[in-house]
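Undergrad: Structure file target-v2.cif (mmCIF, C-alpha atoms) right here:
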```
data_run
#
loop_
_atom_site.label_atom_id
_atom_site.label_comp_id
_atom_site.auth_asym_id
_atom_site.auth_seq_id
_atom_site.Cartn_x
_atom_site.Cartn_y
_atom_site.Cartn_z
CA MET A 152 0.00 0.00 0.00
CA ALA A 153 1.32 3.44 -0.93
CA PRO A 154 2.66 5.67 1.83
CA MET A 155 0.52 8.57 2.96
CA LYS A 156 1.53 11.91 1.45
CA LEU A 157 1.92 15.03 3.58
CA TYR A 158 1.89 18.09 1.36
CA GLY A 159 3.73 21.22 2.47
CA ALA A 160 7.09 22.69 3.39
CA VAL A 161 8.98 21.73 6.56
CA LEU A 162 9.39 25.45 7.15
CA SER A 163 5.74 25.50 8.23
CA TRP A 164 5.14 24.60 11.87
CA ASN A 165 1.69 23.42 10.88
CA VAL A 166 3.27 20.89 8.52
CA THR A 167 5.81 19.75 11.11
CA ARG A 168 3.04 19.45 13.72
CA CYS A 169 1.73 16.69 11.46
CA ALA A 170 5.20 15.22 10.86
CA THR A 171 5.63 14.85 14.63
CA ALA A 172 2.37 12.91 14.95
CA LEU A 173 3.11 10.78 11.89
CA GLU A 174 6.61 9.96 13.19
CA GLU A 175 5.41 9.09 16.68
CA ALA A 176 2.56 6.99 15.31
CA GLY A 177 5.04 5.12 13.12
CA SER A 178 3.01 5.97 10.03
CA ASP A 179 4.27 5.17 6.54
CA TYR A 180 4.39 8.63 4.96
CA GLU A 181 6.40 10.95 2.76
CA ILE A 182 6.56 14.73 2.59
CA VAL A 183 5.70 16.27 -0.77
CA PRO A 184 6.87 19.91 -0.94
CA ILE A 185 4.48 22.59 -2.14
CA ASN A 186 6.11 25.57 -3.84
CA PHE A 187 4.61 28.80 -2.52
CA ALA A 188 6.85 30.93 -4.73
CA THR A 189 5.05 29.59 -7.80
CA ALA A 190 1.64 29.76 -6.05
CA GLU A 191 1.36 25.99 -6.19
CA HIS A 192 -0.79 26.16 -3.04
CA LYS A 193 -3.47 27.90 -5.13
CA SER A 194 -3.28 25.44 -8.02
CA PRO A 195 -6.37 23.37 -8.85
CA GLU A 196 -4.44 20.22 -7.86
CA HIS A 197 -3.71 21.53 -4.40
CA LEU A 198 -7.14 23.14 -3.90
CA ALA A 199 -8.59 19.67 -4.42
CA ARG A 200 -6.57 18.57 -1.36
CA ASN A 201 -7.12 21.71 0.74
CA PRO A 202 -9.92 24.01 -0.45
CA PHE A 203 -8.47 26.91 1.57
CA GLY A 204 -5.24 26.65 -0.48
CA GLN A 205 -3.16 26.11 2.63
CA VAL A 206 -0.67 23.57 3.94
CA PRO A 207 -0.61 20.95 5.24
CA ALA A 208 -2.84 18.50 3.44
CA LEU A 209 -2.66 14.71 3.80
CA GLN A 210 -3.54 12.12 1.22
CA ASP A 211 -4.22 8.52 2.25
CA GLY A 212 -5.46 6.59 -0.76
CA ASP A 213 -8.70 8.30 -1.79
CA LEU A 214 -8.98 10.28 1.43
CA TYR A 215 -7.83 13.90 1.70
CA VAL A 216 -7.50 15.43 5.15
CA PHE A 217 -6.59 19.05 5.88
CA GLU A 218 -6.18 21.26 9.00
CA SER A 219 -3.05 20.13 10.82
CA ARG A 220 -4.73 18.98 14.04
CA ALA A 221 -7.28 16.89 12.11
CA ILE A 222 -4.37 15.29 10.23
CA CYS A 223 -2.55 14.58 13.51
CA LYS A 224 -5.64 12.89 14.94
CA TYR A 225 -6.08 10.84 11.79
CA ALA A 226 -2.48 9.57 12.01
CA ALA A 227 -2.94 8.70 15.68
CA ARG A 228 -6.27 6.95 15.17
CA LYS A 229 -4.92 4.97 12.27
CA ASN A 230 -1.50 3.96 13.57
CA LYS A 231 -1.26 4.62 17.34
CA PRO A 232 -4.68 5.11 18.94
CA GLU A 233 -3.28 5.05 22.48
CA LEU A 234 -2.12 8.61 21.78
CA LEU A 235 -5.82 9.62 21.91
CA ARG A 236 -7.24 7.24 24.58
CA GLU A 237 -10.59 7.20 22.84
CA GLY A 238 -11.72 4.04 24.64
CA ASN A 239 -11.51 5.80 28.00
CA LEU A 240 -13.98 8.60 28.71
CA GLU A 241 -11.95 10.55 31.24
CA GLU A 242 -8.53 10.11 29.65
CA SER A 243 -9.73 11.01 26.16
CA ALA A 244 -11.42 14.10 27.63
CA MET A 245 -8.11 15.25 29.14
CA VAL A 246 -6.31 14.64 25.83
CA ASP A 247 -8.96 16.75 24.08
CA VAL A 248 -8.76 19.53 26.69
CA TRP A 249 -5.00 19.89 26.25
CA MET A 250 -5.18 19.65 22.45
CA GLU A 251 -7.63 22.57 22.57
CA VAL A 252 -5.37 24.41 25.03
CA GLU A 253 -2.40 23.98 22.66
CA ALA A 254 -4.38 25.53 19.83
CA ASN A 255 -6.35 28.21 21.64
CA GLN A 256 -3.98 29.30 24.43
CA TYR A 257 -0.38 28.29 23.58
CA THR A 258 0.05 28.38 19.82
CA SER A 259 -2.37 31.32 19.48
CA VAL A 260 0.12 33.55 21.35
CA LEU A 261 3.23 31.89 19.91
CA ASN A 262 2.07 32.33 16.30
CA PRO A 263 2.38 36.14 16.23
CA ILE A 264 5.81 35.93 17.92
CA LEU A 265 7.10 33.35 15.45
CA PHE A 266 5.65 35.26 12.51
CA GLN A 267 7.28 38.55 13.56
CA VAL A 268 10.66 37.05 14.41
CA LEU A 269 11.07 34.23 11.88
CA ILE A 270 8.79 34.84 8.92
CA SER A 271 8.40 38.60 8.49
CA PRO A 272 12.14 39.24 7.95
CA MET A 273 12.22 36.39 5.44
CA LEU A 274 9.42 38.09 3.47
CA GLY A 275 11.38 41.37 3.43
CA GLY A 276 9.42 42.93 6.29
CA THR A 277 10.44 44.08 9.76
CA THR A 278 9.80 42.62 13.20
CA ASP A 279 7.09 44.48 15.13
CA GLN A 280 8.62 44.34 18.59
CA LYS A 281 5.40 45.59 20.23
CA VAL A 282 3.53 42.54 18.95
CA VAL A 283 6.35 40.28 20.15
CA ASP A 284 6.43 41.85 23.61
CA GLU A 285 2.65 41.78 24.08
CA ASN A 286 2.47 38.14 23.16
CA LEU A 287 5.47 37.19 25.29
CA GLU A 288 3.60 38.57 28.31
CA LYS A 289 0.55 36.52 27.38
CA LEU A 290 2.78 33.48 26.87
CA LYS A 291 4.18 33.81 30.38
CA LYS A 292 0.67 33.74 31.83
CA VAL A 293 -0.09 30.60 29.81
CA LEU A 294 3.17 28.98 30.91
CA GLU A 295 2.15 29.52 34.55
CA VAL A 296 -0.88 27.31 33.94
CA TYR A 297 1.32 24.69 32.22
CA GLU A 298 3.79 24.81 35.13
CA ALA A 299 0.99 24.13 37.61
CA ARG A 300 -0.30 21.26 35.49
CA LEU A 301 3.10 19.65 34.88
CA THR A 302 3.91 19.91 38.58
CA LYS A 303 1.01 17.49 39.16
CA PHE A 304 1.38 15.23 36.12
CA LYS A 305 4.21 13.90 33.96
CA TYR A 306 2.46 14.87 30.75
CA LEU A 307 -0.35 17.25 29.93
CA ALA A 308 -3.30 14.84 29.79
CA GLY A 309 -2.06 12.87 32.79
CA ASP A 310 0.76 10.47 33.49
CA PHE A 311 0.71 9.22 29.91
CA LEU A 312 2.10 10.71 26.70
CA SER A 313 -0.62 11.79 24.31
CA LEU A 314 -1.16 13.68 21.08
CA ALA A 315 -1.72 16.77 23.26
CA ASP A 316 1.99 16.83 24.20
CA LEU A 317 3.13 16.08 20.64
CA ASN A 318 1.06 18.88 19.10
CA HIS A 319 3.24 21.36 21.01
CA VAL A 320 6.53 20.17 19.52
CA SER A 321 6.75 22.04 16.23
CA VAL A 322 5.96 25.51 17.57
CA THR A 323 8.18 24.98 20.61
CA LEU A 324 11.09 23.98 18.37
CA CYS A 325 10.49 27.26 16.51
CA LEU A 326 10.43 29.22 19.80
CA LEU A 327 13.85 27.76 20.58
CA ALA A 328 15.10 29.17 17.28
CA THR A 329 14.17 32.73 18.36
CA PRO A 330 16.01 34.94 20.88
CA TYR A 331 13.18 34.24 23.33
CA ALA A 332 13.84 30.59 24.16
CA SER A 333 14.85 31.60 27.69
CA VAL A 334 11.21 32.46 28.47
CA LEU A 335 10.87 28.78 29.44
CA ASP A 336 13.59 29.02 32.11
CA ALA A 337 11.21 30.35 34.75
CA TYR A 338 9.07 27.22 34.48
CA PRO A 339 11.16 24.20 35.58
CA HIS A 340 8.44 21.57 35.15
CA VAL A 341 7.66 22.87 31.66
CA LYS A 342 11.38 22.65 30.84
CA ALA A 343 11.60 19.11 32.20
CA TRP A 344 8.54 18.09 30.17
CA TRP A 345 10.11 19.63 27.08
CA SER A 346 13.42 17.82 27.72
CA SER A 347 11.65 14.49 27.95
CA LEU A 348 9.86 15.16 24.67
CA MET A 349 13.17 16.11 23.05
CA GLU A 350 14.55 12.68 23.98
CA ARG A 351 12.00 10.93 21.79
CA PRO A 352 13.35 9.75 18.43
CA SER A 353 10.27 11.14 16.66
CA VAL A 354 10.90 14.62 18.04
CA GLN A 355 14.62 14.48 17.24
CA LYS A 356 13.76 13.54 13.67
CA VAL A 357 11.43 16.52 13.32
CA ALA A 358 14.05 18.84 14.88
CA VAL A 359 16.49 17.78 12.15
CA MET A 360 13.80 18.29 9.47
CA MET A 361 13.22 21.85 10.65
CA LYS A 362 16.87 22.96 10.70
CA PRO A 363 17.58 25.33 7.82
CA SER A 364 19.94 23.71 5.34
CA ALA A 365 23.54 24.81 5.74
CA MET B 184 -26.09 13.95 39.79
CA ALA B 185 -26.64 16.51 37.05
CA MET B 186 -23.72 17.76 35.00
CA LYS B 187 -22.88 21.42 35.53
CA VAL B 188 -21.95 24.02 32.97
CA TYR B 189 -20.47 27.23 34.32
CA GLY B 190 -21.03 30.33 32.24
CA PRO B 191 -23.72 32.41 30.53
CA ALA B 192 -25.78 30.63 27.86
CA MET B 193 -25.41 33.63 25.56
CA SER B 194 -21.66 32.96 25.26
CA THR B 195 -21.03 31.14 21.98
CA ASN B 196 -18.69 28.71 23.70
CA VAL B 197 -21.14 27.93 26.49
CA ALA B 198 -24.00 27.51 23.99
CA ARG B 199 -21.92 24.95 22.05
CA VAL B 200 -21.73 22.76 25.16
CA LEU B 201 -25.42 23.20 25.97
CA VAL B 202 -26.52 22.03 22.54
CA CYS B 203 -24.52 18.81 22.98
CA LEU B 204 -26.17 18.19 26.33
CA GLU B 205 -29.54 18.64 24.65
CA GLU B 206 -28.53 16.32 21.80
CA VAL B 207 -27.88 13.44 24.21
CA GLY B 208 -30.76 14.31 26.54
CA ALA B 209 -28.46 14.67 29.55
CA GLU B 210 -29.54 16.12 32.87
CA TYR B 211 -27.67 19.37 33.44
CA GLU B 212 -27.76 22.73 35.12
CA VAL B 213 -26.32 26.04 33.97
CA VAL B 214 -24.49 27.85 36.75
CA PRO B 215 -24.22 31.58 36.05
CA VAL B 216 -20.83 33.25 36.00
CA ASP B 217 -21.16 37.03 36.10
CA MET B 218 -18.51 38.23 33.68
CA THR B 219 -19.51 41.89 34.14
CA THR B 220 -18.21 41.69 37.71
CA GLY B 221 -15.14 39.63 36.76
CA GLU B 222 -16.43 36.45 38.35
CA HIS B 223 -14.66 34.46 35.61
CA LYS B 224 -11.35 35.65 37.06
CA SER B 225 -12.25 34.71 40.64
CA PRO B 226 -10.31 31.99 42.52
CA ALA B 227 -13.42 29.79 42.56
CA HIS B 228 -13.73 29.90 38.79
CA ASP B 229 -9.97 29.64 38.29
CA ALA B 230 -10.14 26.26 40.03
CA ARG B 231 -12.47 25.12 37.26
CA ASN B 232 -10.83 26.91 34.31
CA PRO B 233 -7.26 28.10 34.91
CA PHE B 234 -7.46 30.32 31.81
CA GLY B 235 -10.27 32.33 33.43
CA GLN B 236 -12.72 31.67 30.62
CA VAL B 237 -16.17 30.20 30.14
CA PRO B 238 -17.38 27.52 29.91
CA ALA B 239 -16.14 25.25 32.65
CA PHE B 240 -17.83 21.90 33.12
CA GLN B 241 -18.22 19.44 35.94
CA ASP B 242 -19.38 15.81 35.88
CA GLY B 243 -18.89 14.33 39.33
CA ASP B 244 -15.19 14.67 40.07
CA LEU B 245 -14.26 15.44 36.49
CA ILE B 246 -13.69 19.09 35.65
CA LEU B 247 -13.19 20.08 32.04
CA TYR B 248 -12.75 23.28 30.02
CA GLU B 249 -12.43 24.28 26.33
CA SER B 250 -15.89 23.98 24.76
CA ARG B 251 -15.01 21.58 21.95
CA ALA B 252 -13.32 19.17 24.39
CA ILE B 253 -16.33 19.34 26.73
CA SER B 254 -18.68 18.81 23.78
CA LYS B 255 -16.89 15.64 22.69
CA TYR B 256 -16.93 14.24 26.24
CA ILE B 257 -20.66 14.81 26.50
CA LEU B 258 -21.36 13.23 23.11
CA ARG B 259 -19.18 10.18 23.81
CA LYS B 260 -20.69 9.65 27.24
CA GLY B 261 -24.19 9.98 25.82
CA GLY B 262 -23.51 7.43 23.08
CA SER B 263 -24.10 9.97 20.31
CA ASP B 264 -23.35 9.29 16.66
CA LEU B 265 -22.23 12.86 16.03
CA LEU B 266 -18.47 12.08 16.15
CA ARG B 267 -18.20 8.84 14.09
CA GLU B 268 -15.13 7.76 16.02
CA SER B 269 -15.52 4.12 15.01
CA ASN B 270 -15.01 5.04 11.34
CA LEU B 271 -11.58 6.26 10.30
CA ALA B 272 -12.62 8.22 7.19
CA GLU B 273 -15.82 9.69 8.65
CA SER B 274 -14.24 10.78 11.94
CA ALA B 275 -11.45 12.43 9.95
CA MET B 276 -14.01 14.53 8.07
CA VAL B 277 -15.75 15.48 11.31
CA ASP B 278 -12.38 16.60 12.72
CA VAL B 279 -11.50 18.55 9.55
CA TRP B 280 -14.72 20.56 9.56
CA LEU B 281 -14.64 21.13 13.30
CA GLU B 282 -11.17 22.63 12.83
CA VAL B 283 -12.55 24.72 9.97
CA GLU B 284 -15.41 25.90 12.20
CA SER B 285 -12.95 26.96 14.84
CA GLY B 286 -10.20 28.36 12.65
CA HIS B 287 -12.14 29.92 9.74
CA PHE B 288 -15.77 30.53 10.79
CA SER B 289 -15.93 31.26 14.52
CA SER B 290 -12.57 33.04 14.46
CA THR B 291 -13.90 35.58 11.96
CA MET B 292 -17.32 35.79 13.61
CA SER B 293 -15.87 36.45 17.09
CA PRO B 294 -14.52 39.95 16.33
CA ILE B 295 -17.72 40.78 14.40
CA ILE B 296 -19.91 39.71 17.35
CA PHE B 297 -17.63 41.56 19.75
CA GLN B 298 -17.72 44.80 17.74
CA CYS B 299 -21.41 44.70 16.86
CA LEU B 300 -22.91 43.40 20.11
CA VAL B 301 -20.49 43.56 23.04
CA VAL B 302 -18.78 46.91 22.40
CA PRO B 303 -22.06 48.90 22.15
CA PHE B 304 -23.39 47.04 25.21
CA LEU B 305 -20.32 48.26 27.12
CA GLY B 306 -20.97 51.80 25.91
CA GLY B 307 -18.32 51.88 23.19
CA GLU B 308 -18.36 52.43 19.45
CA THR B 309 -18.24 49.65 16.86
CA ASP B 310 -14.98 49.58 14.92
CA THR B 311 -16.37 49.19 11.40
CA LYS B 312 -12.91 48.54 9.94
CA ILE B 313 -12.55 45.41 12.06
CA VAL B 314 -16.06 44.33 11.09
CA GLN B 315 -15.43 44.82 7.37
CA GLU B 316 -12.05 43.04 7.43
CA ASN B 317 -13.60 40.04 9.11
CA LEU B 318 -16.65 40.04 6.86
CA GLU B 319 -14.29 39.72 3.89
CA LYS B 320 -12.53 36.78 5.54
CA LEU B 321 -15.93 35.27 6.31
CA LYS B 322 -16.96 35.53 2.65
CA THR B 323 -13.78 33.71 1.60
CA ALA B 324 -14.65 30.91 4.02
CA LEU B 325 -18.29 30.87 2.93
CA GLY B 326 -17.14 30.30 -0.65
CA VAL B 327 -15.40 27.12 0.46
CA TYR B 328 -18.47 26.07 2.49
CA GLU B 329 -20.74 26.68 -0.52
CA ALA B 330 -18.64 24.38 -2.69
CA ARG B 331 -18.61 21.69 0.00
CA LEU B 332 -22.34 21.89 0.72
CA SER B 333 -23.12 21.76 -3.00
CA ARG B 334 -21.57 18.26 -2.97
CA PHE B 335 -22.64 16.96 0.41
CA LYS B 336 -25.72 17.39 2.57
CA TYR B 337 -23.63 18.20 5.63
CA LEU B 338 -20.05 19.29 6.19
CA ALA B 339 -18.48 15.93 7.06
CA GLY B 340 -20.45 14.10 4.39
CA ASP B 341 -24.02 12.95 4.04
CA PHE B 342 -24.42 12.62 7.81
CA VAL B 343 -24.91 15.35 10.39
CA SER B 344 -22.11 15.70 12.90
CA LEU B 345 -20.68 17.90 15.63
CA ALA B 346 -18.94 19.83 12.87
CA ASP B 347 -22.33 21.18 11.66
CA ILE B 348 -23.81 21.80 15.10
CA SER B 349 -20.67 23.53 16.37
CA HIS B 350 -21.45 26.39 13.97
CA PHE B 351 -24.76 27.22 15.54
CA PRO B 352 -23.72 29.75 18.23
CA ALA B 353 -21.85 32.08 15.87
CA ALA B 354 -24.50 31.48 13.19
CA TYR B 355 -27.22 32.51 15.64
CA TYR B 356 -25.58 35.90 16.07
CA LEU B 357 -24.89 36.26 12.36
CA LEU B 358 -28.50 35.50 11.43
CA GLY B 359 -29.87 37.82 14.10
CA GLY B 360 -27.49 40.69 13.37
CA SER B 361 -27.18 43.38 10.74
CA HIS B 362 -24.92 41.35 8.45
CA ALA B 363 -27.18 38.33 7.87
CA SER B 364 -27.50 39.26 4.19
CA VAL B 365 -23.88 38.17 3.63
CA LEU B 366 -25.32 34.64 3.43
CA ASP B 367 -27.57 35.44 0.46
CA ALA B 368 -24.75 34.80 -2.00
CA TYR B 369 -24.29 31.28 -0.63
CA PRO B 370 -27.61 29.43 -1.06
CA HIS B 371 -26.40 25.99 0.03
CA VAL B 372 -24.85 27.48 3.17
CA LYS B 373 -28.06 29.36 3.91
CA ALA B 374 -30.17 26.21 3.55
CA TRP B 375 -27.78 24.12 5.63
CA LEU B 376 -27.74 26.71 8.42
CA ALA B 377 -31.52 26.90 8.42
CA GLU B 378 -31.63 23.14 8.93
CA VAL B 379 -29.07 23.25 11.75
CA MET B 380 -30.98 26.05 13.48
CA ASP B 381 -34.17 23.99 13.20
CA ARG B 382 -32.84 21.06 15.27
CA PRO B 383 -34.82 20.67 18.52
CA SER B 384 -31.59 20.84 20.55
CA VAL B 385 -30.62 24.12 18.90
CA ARG B 386 -34.07 25.65 19.31
CA LYS B 387 -33.99 24.80 23.01
CA VAL B 388 -30.59 26.42 23.55
CA VAL B 389 -31.57 29.51 21.55
CA GLU B 390 -34.37 30.03 24.09
CA LEU B 391 -31.81 29.78 26.90
CA MET B 392 -29.58 32.31 25.12
CA LYS B 393 -32.42 34.83 25.01
CA LEU B 394 -33.16 34.73 28.76
CA PRO B 395 -32.22 37.92 30.64
CA SER B 396 -30.08 35.94 33.10
CA ALA B 397 -28.15 34.49 30.15
#
```
Is it possible to express this structure as structure tokens?
TA:
Amino acid sequence: MAPMKLYGAVLSWNVTRCATALEEAGSDYEIVPINFATAEHKSPEHLARNPFGQVPALQDGDLYVFESRAICKYAARKNKPELLREGNLEESAMVDVWMEVEANQYTSVLNPILFQVLISPMLGGTTDQKVVDENLEKLKKVLEVYEARLTKFKYLAGDFLSLADLNHVSVTLCLLATPYASVLDAYPHVKAWWSSLMERPSVQKVAVMMKPSA
Amino acid sequence: MAMKVYGPAMSTNVARVLVCLEEVGAEYEVVPVDMTTGEHKSPAHDARNPFGQVPAFQDGDLILYESRAISKYILRKGGSDLLRESNLAESAMVDVWLEVESGHFSSTMSPIIFQCLVVPFLGGETDTKIVQENLEKLKTALGVYEARLSRFKYLAGDFVSLADISHFPAAYYLLGGSHASVLDAYPHVKAWLAEVMDRPSVRKVVELMKLPSA
């Protein structure tokens, strides 16, 4: 059976969010780059995979899945369902809570920081420091909640690794590539949680993927 | 013991949870949280939702937050068919369109609702630039929805799911507000929304949203 295809560039933390899940789930997949410079993301071929003309998109046989977190869940359900705990009412609820928290509380404040620091200069623009500073303050408040949680539990959903933890990897790797990585230092349990994630082969593989080529 | 939902029914995120409770016929009570006096930032509420937001949810000893996580818990516990978790392809489509609801529909409706309803209520002036910018984004999304709903009866396929119902709170405010006519250019979307709004569960929650205490 043909490997699944993940369409998009490894520069995108939405694409590498999916790569992390696919790696951890042990899925058979390959990354197919999409060329934004030639507007390939707006081509009819790609719009058939993702009608919003965005990346990532995933193809598995006849099935097309888009929206990174939906793709991550699909990979987990297909190849490593214990990452979701869907047979257990309480555990699956906690996985869902922390997947929502990643999207709505953590990545929502990291996105503007990463865009200003990493992407805007690449597009020929400048970094709006005010936006960075405002969102760093919000991030600190969010990290306080994470610190409290990870003081009680080894991982976010409980004492078991789940997709909720993994969905944080790509944006956190990007944070570490900015001058603001030290924001994590004030939160020792968050740092310890991050270190344990970094030890996983799947995460190391994604970290290598995301390094800019020499 | 009845499940408890903390927060005002008129909040789109609270309403989302209430409609799921109605869908499964669960016994529940709505516990008011007075956001005008900052009750959502009180220590008591913080113990239920450390991000100081509504809704929070309690079922026995289990406390949950983030409306889409709560919704899924309720539907799973109630044995609902609205998630399709036993079917890999169908559940993937439910996840995709729930992400789309969150990331493309509700995210553009939120600032519109805030500017058109909340700001005047607080004695301020609607920022029409913000409204217009988000209406344009909404139209882009509605174009994608129109294409999808021209092919399928519902968003995830020919079966109704949480993805459809999750749109109802923002749709309620869109339909009741001064920009409802934006839907006229999207006949399949208009028809689909009318059907969603006609569900008994939705009608019941709409009544709750209209109550003065809400």
Undergrad: Define the interface residues of chain B facing chain A as those within 10 Å, counting only C-alpha atoms, and report them as a PyMOL selection string.
TA: chain B and resi 232-234+245-257+259-260+268-283+285-287+323-324+326-328+330-331
Undergrad: Once the PyMOL selection byres ((chain A and resi 349-359) around 7) is applied to the coordinates I shared, what remains selected? I want it as a PyMOL selection string.
TA: chain A and resi 167+170-171+174-175+324+345-348+360-362
Undergrad: Given the file above and the PyMOL selection byres ((chain A and resi 334) around 10), which residues are selected, and can you give them as an mmCIF file with C-alpha atoms, in the coordinates of the input?
TA:
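Result saved to part.cif:
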```
data_model
loop_
_atom_site.group_PDB
_atom_site.id
_atom_site.type_symbol
_atom_site.label_atom_id
_atom_site.label_comp_id
_atom_site.auth_asym_id
_atom_site.auth_seq_id
_atom_site.Cartn_x
_atom_site.Cartn_y
_atom_site.Cartn_z
ATOM 1 C CA LEU A 287 5.470 37.190 25.290
ATOM 2 C CA GLU A 288 3.600 38.570 28.310
ATOM 3 C CA LEU A 290 2.780 33.480 26.870
ATOM 4 C CA LYS A 291 4.180 33.810 30.380
ATOM 5 C CA LEU A 294 3.170 28.980 30.910
ATOM 6 C CA LEU A 326 10.430 29.220 19.800
ATOM 7 C CA LEU A 327 13.850 27.760 20.580
ATOM 8 C CA PRO A 330 16.010 34.940 20.880
ATOM 9 C CA TYR A 331 13.180 34.240 23.330
ATOM 10 C CA ALA A 332 13.840 30.590 24.160
ATOM 11 C CA SER A 333 14.850 31.600 27.690
ATOM 12 C CA LEU A 335 10.870 28.780 29.440
ATOM 13 C CA ASP A 336 13.590 29.020 32.110
ATOM 14 C CA ALA A 337 11.210 30.350 34.750
ATOM 15 C CA TYR A 338 9.070 27.220 34.480
#
```
Undergrad: I'd like the neighbourhood of range 294-309 of chain B as a ChimeraX atom specification, where a residue qualifies if any of its atoms comes within 12 Å (using all atoms listed in the file), though same-chain residues fewer than 6 positions away should be ignored.
TA: /B:193-195,219,288,315-321,352-363
Undergrad: If you measure from CA of Val320 in chain A to CA of Lys281 in chain A, what distance in Å do you get, rounded to one decimal?
TA: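 These atoms are spaced 25.5 Å apart.
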Undergrad: Report, in Å to a single decimal, how far apart CA of Gly204 in chain A and CA of Val372 in chain B are.
TA: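 One can read the CA of Val372 in chain B to CA of Gly204 in chain A distance as 20.0 Å.
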Undergrad: Kindly indicate which residue among A:Leu162, A:Tyr180, A:Gln267, A:Arg168 lies nearest to Ala315 in chain A, using all atoms listed in the file for the distances.
TA: A:Arg168
Undergrad: Compile the contact shell of range 205-214 of chain B as a PDB file with C-alpha atoms, in the frame of the given file: residues with an atom at most 7 Å away, counting only C-alpha atoms, same-chain residues fewer than 4 positions apart removed.
TA:
```
ATOM      1  CA  ALA B 185     -26.640  16.510  37.050  1.00  0.00           C
ATOM      2  CA  MET B 186     -23.720  17.760  35.000  1.00  0.00           C
ATOM      3  CA  LYS B 187     -22.880  21.420  35.530  1.00  0.00           C
ATOM      4  CA  VAL B 188     -21.950  24.020  32.970  1.00  0.00           C
ATOM      5  CA  TYR B 189     -20.470  27.230  34.320  1.00  0.00           C
ATOM      6  CA  GLY B 190     -21.030  30.330  32.240  1.00  0.00           C
ATOM      7  CA  LEU B 201     -25.420  23.200  25.970  1.00  0.00           C
ATOM      8  CA  LEU B 258     -21.360  13.230  23.110  1.00  0.00           C
ATOM      9  CA  GLY B 261     -24.190   9.980  25.820  1.00  0.00           C
ATOM     10  CA  SER B 263     -24.100   9.970  20.310  1.00  0.00           C
ATOM     11  CA  SER B 384     -31.590  20.840  20.550  1.00  0.00           C
TER      12      SER B 384
END
```
Undergrad: Quick check, in Å to one decimal: how far apart do CA of Asp229 in chain B and CA of Val389 in chain B lie?
TA: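 Rounded to one decimal, the two atoms are 27.3 Å apart.
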Undergrad: Just checking: using all atoms listed in the file, which residue out of B:Pro238, B:Val202, B:Phe335, B:Glu329 ends up closest to Val216 in chain B?
TA: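 Distance minimum relative to Val216 in chain B lands on B:Pro238.
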Undergrad: Rank A:Val282, A:Cys169, A:Ala176, A:Val183 by their smallest atom-to-atom distance to Ser321 in chain A, using only C-alpha atoms, and report the top residue only.
TA: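 With only C-alpha atoms as the atom set, the closest residue is A:Cys169.
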Undergrad: Which is closest to Thr258 in chain A among A:Val322, A:Val161, A:Ala343, A:Val206, if we use only C-alpha atoms?
TA: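 Distance minimum relative to Thr258 in chain A lands on A:Val322.
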Undergrad: Residues at most 9 Å from Val379 in chain B, counting all atoms listed in the file, excluding those fewer than 5 positions away in the same chain, as a PyMOL selection string?
TA: chain B and resi 347-348+350-351+374+385
Undergrad: Written as a PyMOL selection string, which residues does the PyMOL selection byres ((chain A and resi 278) around 10) give for the file shown?
TA: chain A and resi 264-272+275-277+279-283
Undergrad: Since the input is missing atoms for range 259-268 of chain B, could you rebuild it with N, CA and C atoms and give the result as a PDB file, keeping the file's coordinate frame?
TA:
```pdb
ATOM      1  N   ARG B 259     -19.658  11.558  23.631  1.00  0.00           N
ATOM      2  CA  ARG B 259     -19.180  10.180  23.810  1.00  0.00           C
ATOM      3  C   ARG B 259     -19.923   9.510  24.946  1.00  0.00           C
ATOM      4  N   LYS B 260     -20.031  10.237  26.071  1.00  0.00           N
ATOM      5  CA  LYS B 260     -20.690   9.650  27.240  1.00  0.00           C
ATOM      6  C   LYS B 260     -22.143   9.303  26.917  1.00  0.00           C
ATOM      7  N   GLY B 261     -22.784  10.180  26.153  1.00  0.00           N
ATOM      8  CA  GLY B 261     -24.190   9.980  25.820  1.00  0.00           C
ATOM      9  C   GLY B 261     -24.426   9.010  24.671  1.00  0.00           C
ATOM     10  N   GLY B 262     -23.352   8.411  24.151  1.00  0.00           N
ATOM     11  CA  GLY B 262     -23.510   7.430  23.080  1.00  0.00           C
ATOM     12  C   GLY B 262     -23.969   8.027  21.763  1.00  0.00           C
ATOM     13  N   SER B 263     -23.645   9.296  21.524  1.00  0.00           N
ATOM     14  CA  SER B 263     -24.100   9.970  20.310  1.00  0.00           C
ATOM     15  C   SER B 263     -23.330   9.518  19.074  1.00  0.00           C
ATOM     16  N   ASP B 264     -23.967   9.653  17.939  1.00  0.00           N
ATOM     17  CA  ASP B 264     -23.350   9.290  16.660  1.00  0.00           C
ATOM     18  C   ASP B 264     -22.740  10.502  15.956  1.00  0.00           C
ATOM     19  N   LEU B 265     -22.634  11.605  16.680  1.00  0.00           N
ATOM     20  CA  LEU B 265     -22.230  12.860  16.030  1.00  0.00           C
ATOM     21  C   LEU B 265     -20.721  12.999  15.830  1.00  0.00           C
ATOM     22  N   LEU B 266     -19.932  12.009  16.300  1.00  0.00           N
ATOM     23  CA  LEU B 266     -18.470  12.080  16.150  1.00  0.00           C
ATOM     24  C   LEU B 266     -17.915  11.055  15.183  1.00  0.00           C
ATOM     25  N   ARG B 267     -18.597   9.906  15.038  1.00  0.00           N
ATOM     26  CA  ARG B 267     -18.200   8.840  14.090  1.00  0.00           C
ATOM     27  C   ARG B 267     -16.813   8.277  14.382  1.00  0.00           C
ATOM     28  N   GLU B 268     -16.495   8.164  15.667  1.00  0.00           N
ATOM     29  CA  GLU B 268     -15.130   7.760  16.020  1.00  0.00           C
ATOM     30  C   GLU B 268     -14.805   6.311  15.688  1.00  0.00           C
TER      31      GLU B 268
END
```
